[in-house]
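S.K.: Input structure: data_32.cif, which contains mmCIF, C-alpha atoms and all ligand atoms.
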```cif
data_my_file
loop_
_atom_site.label_atom_id
_atom_site.label_comp_id
_atom_site.auth_asym_id
_atom_site.auth_seq_id
_atom_site.Cartn_x
_atom_site.Cartn_y
_atom_site.Cartn_z
CA ASP A 211 131.86 -162.13 22.17
CA LEU A 212 129.43 -161.16 24.92
CA LEU A 213 129.12 -157.61 23.68
CA GLN A 214 128.42 -158.89 20.17
CA THR A 215 125.78 -161.25 21.56
CA TYR A 216 124.16 -158.40 23.45
CA GLN A 217 124.16 -156.26 20.29
CA LEU A 218 122.65 -159.13 18.31
CA VAL A 219 119.90 -159.61 20.91
CA THR A 220 119.25 -155.87 20.91
CA SER A 221 118.93 -155.70 17.13
CA LEU A 222 116.63 -158.75 17.02
CA ASN A 223 114.53 -157.14 19.72
CA ASP A 224 114.34 -153.95 17.67
CA TYR A 225 113.21 -155.99 14.68
CA ILE A 226 110.38 -157.65 16.58
CA TYR A 227 109.53 -154.79 18.93
CA PRO A 228 110.43 -151.58 17.08
CA GLY A 229 110.94 -148.60 19.34
CA GLN A 230 111.07 -150.61 22.57
CA PRO A 231 114.71 -150.44 23.69
CA ILE A 232 116.05 -153.46 25.52
CA ALA A 233 118.14 -151.16 27.70
CA SER A 234 115.03 -149.79 29.40
CA TYR A 235 114.67 -152.97 31.47
CA PRO A 236 113.94 -153.93 34.22
CA ASN A 237 110.44 -152.95 33.30
CA PRO A 238 108.51 -151.26 36.13
CA ASN A 239 105.28 -152.32 34.46
CA ARG A 240 105.83 -156.05 34.75
CA VAL A 241 102.68 -158.15 34.81
CA THR A 242 102.00 -161.66 36.02
CA ASP A 243 100.44 -163.82 33.35
CA ARG A 244 97.99 -161.04 32.61
CA ALA A 245 97.21 -161.57 28.97
CA ILE A 246 98.31 -158.71 26.76
CA PRO A 247 97.07 -159.76 23.32
CA ILE A 248 99.24 -158.10 20.75
CA ALA A 249 97.68 -157.98 17.31
CA GLU A 250 99.81 -159.99 14.96
CA THR A 251 99.28 -159.48 11.30
CA MET A 252 99.70 -162.88 9.69
CA ALA A 253 97.36 -165.76 8.90
CA GLY A 254 97.72 -168.81 11.15
CA GLU A 255 96.40 -172.32 11.72
CA GLY A 256 94.89 -173.67 14.91
CA ASP A 257 94.98 -171.93 18.25
CA LEU A 258 98.47 -170.65 18.99
CA LYS A 259 99.47 -168.85 22.16
CA LEU A 260 102.97 -167.85 23.10
CA LEU A 261 104.03 -167.21 26.68
CA GLY A 262 106.90 -164.79 26.27
CA LEU A 263 109.07 -162.11 27.75
CA LEU A 264 109.80 -158.95 25.82
CA VAL A 265 113.57 -159.05 26.23
CA SER A 266 114.14 -162.79 25.97
CA PRO A 267 116.29 -163.90 23.03
CA PHE A 268 114.84 -167.41 23.41
CA VAL A 269 111.36 -165.97 22.94
CA THR A 270 112.61 -163.88 20.02
CA ARG A 271 113.87 -167.09 18.40
CA VAL A 272 110.37 -168.56 18.55
CA ARG A 273 108.73 -165.35 17.33
CA LEU A 274 111.07 -165.29 14.35
CA ALA A 275 110.08 -168.89 13.54
CA LEU A 276 106.37 -168.04 13.75
CA HIS A 277 106.91 -165.00 11.54
CA ILE A 278 108.91 -167.01 8.99
CA LYS A 279 105.97 -169.43 8.75
CA GLY A 280 103.46 -166.58 8.58
CA LEU A 281 101.49 -167.80 11.60
CA SER A 282 99.31 -165.63 13.77
CA TYR A 283 99.32 -166.17 17.51
CA GLU A 284 98.29 -164.61 20.75
CA TYR A 285 101.31 -163.23 22.58
CA ILE A 286 101.12 -163.26 26.37
CA GLU A 287 103.80 -161.25 28.16
CA THR A 288 104.81 -163.30 31.21
CA ASP A 289 106.52 -162.29 34.42
CA VAL A 290 109.28 -164.82 35.04
CA LEU A 291 110.20 -163.32 38.41
CA ASP A 292 106.72 -163.75 39.82
CA LYS A 293 105.67 -166.91 37.99
CA GLY A 294 101.97 -167.14 37.50
CA GLU A 295 99.55 -169.99 37.06
CA LEU A 296 99.83 -170.16 33.26
CA LEU A 297 103.61 -170.56 33.24
CA LEU A 298 103.63 -173.10 36.09
CA ARG A 299 100.84 -175.10 34.47
CA TYR A 300 102.37 -175.23 31.00
CA ASN A 301 106.07 -175.46 31.87
CA PRO A 302 106.20 -177.13 35.29
CA VAL A 303 109.67 -178.60 34.67
CA HIS A 304 111.73 -175.51 33.82
CA LYS A 305 109.19 -172.75 34.60
CA LYS A 306 110.71 -170.64 31.79
CA VAL A 307 109.56 -168.89 28.69
CA PRO A 308 109.09 -169.38 25.80
CA VAL A 309 106.14 -171.76 25.94
CA LEU A 310 104.12 -172.27 22.78
CA ILE A 311 100.61 -173.62 23.35
CA HIS A 312 99.22 -175.25 20.22
CA ASN A 313 95.56 -176.23 20.48
CA GLY A 314 96.03 -176.53 24.26
CA LEU A 315 99.24 -178.60 24.07
CA PRO A 316 102.33 -176.95 25.56
CA LEU A 317 105.74 -177.00 23.92
CA CYS A 318 108.78 -175.85 25.87
CA GLU A 319 112.41 -175.05 25.05
CA SER A 320 112.97 -172.66 22.17
CA GLN A 321 114.91 -175.04 19.93
CA VAL A 322 112.30 -177.78 20.42
CA ILE A 323 109.58 -175.26 19.58
CA VAL A 324 111.32 -174.01 16.44
CA GLN A 325 111.73 -177.56 15.15
CA TYR A 326 108.09 -178.33 15.95
CA VAL A 327 106.92 -175.24 14.08
CA ASP A 328 109.16 -176.17 11.14
CA GLU A 329 107.70 -179.70 11.01
CA VAL A 330 104.03 -178.92 11.61
CA TRP A 331 103.97 -176.04 9.12
CA ALA A 332 106.46 -177.58 6.69
CA ALA A 333 104.43 -176.34 3.74
CA ALA A 334 104.06 -172.78 5.01
CA GLY A 335 106.56 -170.00 4.47
CA LYS A 336 110.22 -170.89 4.13
CA PRO A 337 111.87 -173.92 5.75
CA ILE A 338 113.74 -172.94 8.91
CA LEU A 339 116.19 -175.85 9.13
CA PRO A 340 117.94 -177.14 6.01
CA ALA A 341 116.81 -180.51 4.57
CA ASP A 342 120.27 -182.08 4.42
CA PRO A 343 121.06 -184.00 7.66
CA TYR A 344 124.62 -182.66 7.92
CA ALA A 345 123.46 -179.08 7.35
CA ARG A 346 120.71 -179.63 9.96
CA ALA A 347 123.26 -180.93 12.47
CA THR A 348 125.45 -177.90 11.76
CA ALA A 349 122.51 -175.53 12.28
CA ARG A 350 121.74 -177.22 15.62
CA PHE A 351 125.38 -176.94 16.62
CA TRP A 352 125.36 -173.17 16.06
CA ALA A 353 121.99 -172.79 17.77
CA ALA A 354 123.46 -174.51 20.85
CA TYR A 355 126.54 -172.27 20.59
CA VAL A 356 124.35 -169.16 20.55
CA ASP A 357 122.43 -170.50 23.57
CA ASP A 358 125.67 -170.83 25.54
CA LYS A 359 126.68 -167.27 24.66
CA VAL A 360 123.26 -165.87 25.50
CA ARG A 361 123.30 -167.63 28.88
CA ALA A 362 126.70 -166.08 29.59
CA CYS A 363 125.36 -162.70 28.46
CA VAL A 364 122.33 -163.00 30.77
CA ARG A 365 124.72 -163.71 33.67
CA LEU A 366 126.48 -160.44 32.84
CA PHE A 367 123.23 -158.48 32.58
CA PRO A 368 120.98 -160.22 35.14
CA ALA A 369 118.43 -157.44 35.05
CA LEU A 370 117.58 -158.52 31.48
CA LEU A 371 116.71 -162.06 32.60
N1 LIG B 1 116.74 -173.33 27.26
C1 LIG B 1 115.59 -172.45 27.33
C2 LIG B 1 116.00 -171.16 28.01
C3 LIG B 1 114.79 -170.27 28.30
C4 LIG B 1 115.13 -169.19 29.32
O1 LIG B 1 116.22 -169.15 29.89
N2 LIG B 1 114.14 -168.31 29.54
C5 LIG B 1 114.31 -167.27 30.54
C6 LIG B 1 113.98 -165.93 29.93
S1 LIG B 1 115.28 -165.46 28.79
C7 LIG B 1 113.37 -167.53 31.70
O2 LIG B 1 112.22 -167.83 31.50
N3 LIG B 1 113.89 -167.38 32.90
C8 LIG B 1 113.12 -167.56 34.10
C9 LIG B 1 113.88 -168.28 35.16
O3 LIG B 1 115.05 -168.63 34.96
O4 LIG B 1 113.29 -168.53 36.22
C10 LIG B 1 115.04 -172.19 25.94
O5 LIG B 1 115.80 -172.29 24.98
O6 LIG B 1 113.82 -171.96 25.80
#
```
Would you mind writing the file's structure down as structure tokens?

M.R.:
Amino acid sequence: DLLQTYQLVTSLNDYIYPGQPIASYPNPNRVTDRAIPIAETMAGEGDLKLLGLLVSPFVTRVRLALHIKGLSYEYIETDVLDKGELLLRYNPVHKKVPVLIHNGLPLCESQVIVQYVDEVWAAAGKPILPADPYARATARFWAAYVDDKVRACVRLFPALL
């Protein structure tokens, strides 16, 4: 199970960051909240910034949601070992990435963010969650299941964070 999770995370990472192998971490070039704007190619609405971490599957989940909706955003690679001012200001409770900042308002927790993106940009791109309440509940169940597996995987590979 854990190996499969790791392989899934690796392939998602390859999809979002082609040519940047997850296995090369820990990254000697870590930065602390130093903005690294990465040009994204899609049209967006409002000011969207994402505090992320290259290897984080939780961040990848949010990036996939933003891509599905065709939104452009500024991506800010964030050092979660040496937490900087941006992360502490926008996620003072958990101090974790991902954090999506929409017109200055922070959203934390990847599943919360995905649902927010799905609701705010309901008309854009494809729906992320199904419309039917039972199907939605089932999707949330599996998302929570994946979270548990990823957490276990991170415990096995702590250098990945
Ligand atoms: N439940 C959170 C988990 C986020 C999470 O664990 N992020 C990790 C990176 S994969 C983090 O920021 N870790 C920093 C820390 O634990 O201090 C979510 O779904 O967003």

S.K.: Step by step, measure atom-to-atom distances between ligand LIG 1 (chain B) and each residue using only C-alpha atoms and all ligand atoms, keep those at most 6 Å, then write them as a ChimeraX atom specification.

M.R.: /A:266,268,290,306-308,319-321,371

S.K.: Any idea what the distance is between atom CA of A:Leu297 and atom CA of A:Trp352?

M.R.: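 Between these atoms lies a distance of 27.8 Å.
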
S.K.: Return the single residue from A:Leu310, A:Val327, A:Arg350, A:Arg361 that is closest to A:Leu296, with distances computed using only C-alpha atoms.

M.R.: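 Closest to A:Leu296, using only C-alpha atoms: A:Leu310.
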
S.K.: Return the single residue from A:Pro302, A:Pro340, A:Gly314, A:Gly335 that is closest to A:Gly256, with distances computed using only C-alpha atoms.

M.R.: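 Ranked by minimum distance to A:Gly256, first place goes to A:Gly314.
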
S.K.: If I wrap all listed atoms of stretch 351-363 of chain A in a box with edges along x, y and z and add 8 Å on each side, what are its centre and edge lengths in Å to one decimal, as lines of an AutoDock Vina configuration file?

M.R.:
```
center_x = 124.3
center_y = -169.8
center_z = 22.8
size_x = 20.7
size_y = 30.2
size_z = 29.5
```

S.K.: Measuring atom to atom with only C-alpha atoms, identify which of A:Ala334, A:Ala275, A:Leu291, A:Ile311 is nearest to A:Leu258.

M.R.: A:Ile311

S.K.: Between atom CA of A:Gly262 and atom CA of A:Ala332, what distance in Å does the model show, to one decimal?

M.R.: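 Computing the Euclidean distance for atom CA of A:Gly262 and atom CA of A:Ala332 yields 23.4 Å.
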
S.K.: One number please: atom CA of A:Leu263 to atom CA of A:Lys336, in Å, one decimal.

M.R.: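 Atom CA of A:Lys336 lies at a distance of 25.2 Å from atom CA of A:Leu263.
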
S.K.: Looking at all atoms listed in the file, which of A:His304, A:Asn313, A:Pro267, A:Glu284 is the one that sits closest to A:Val356?

M.R.: A:Pro267
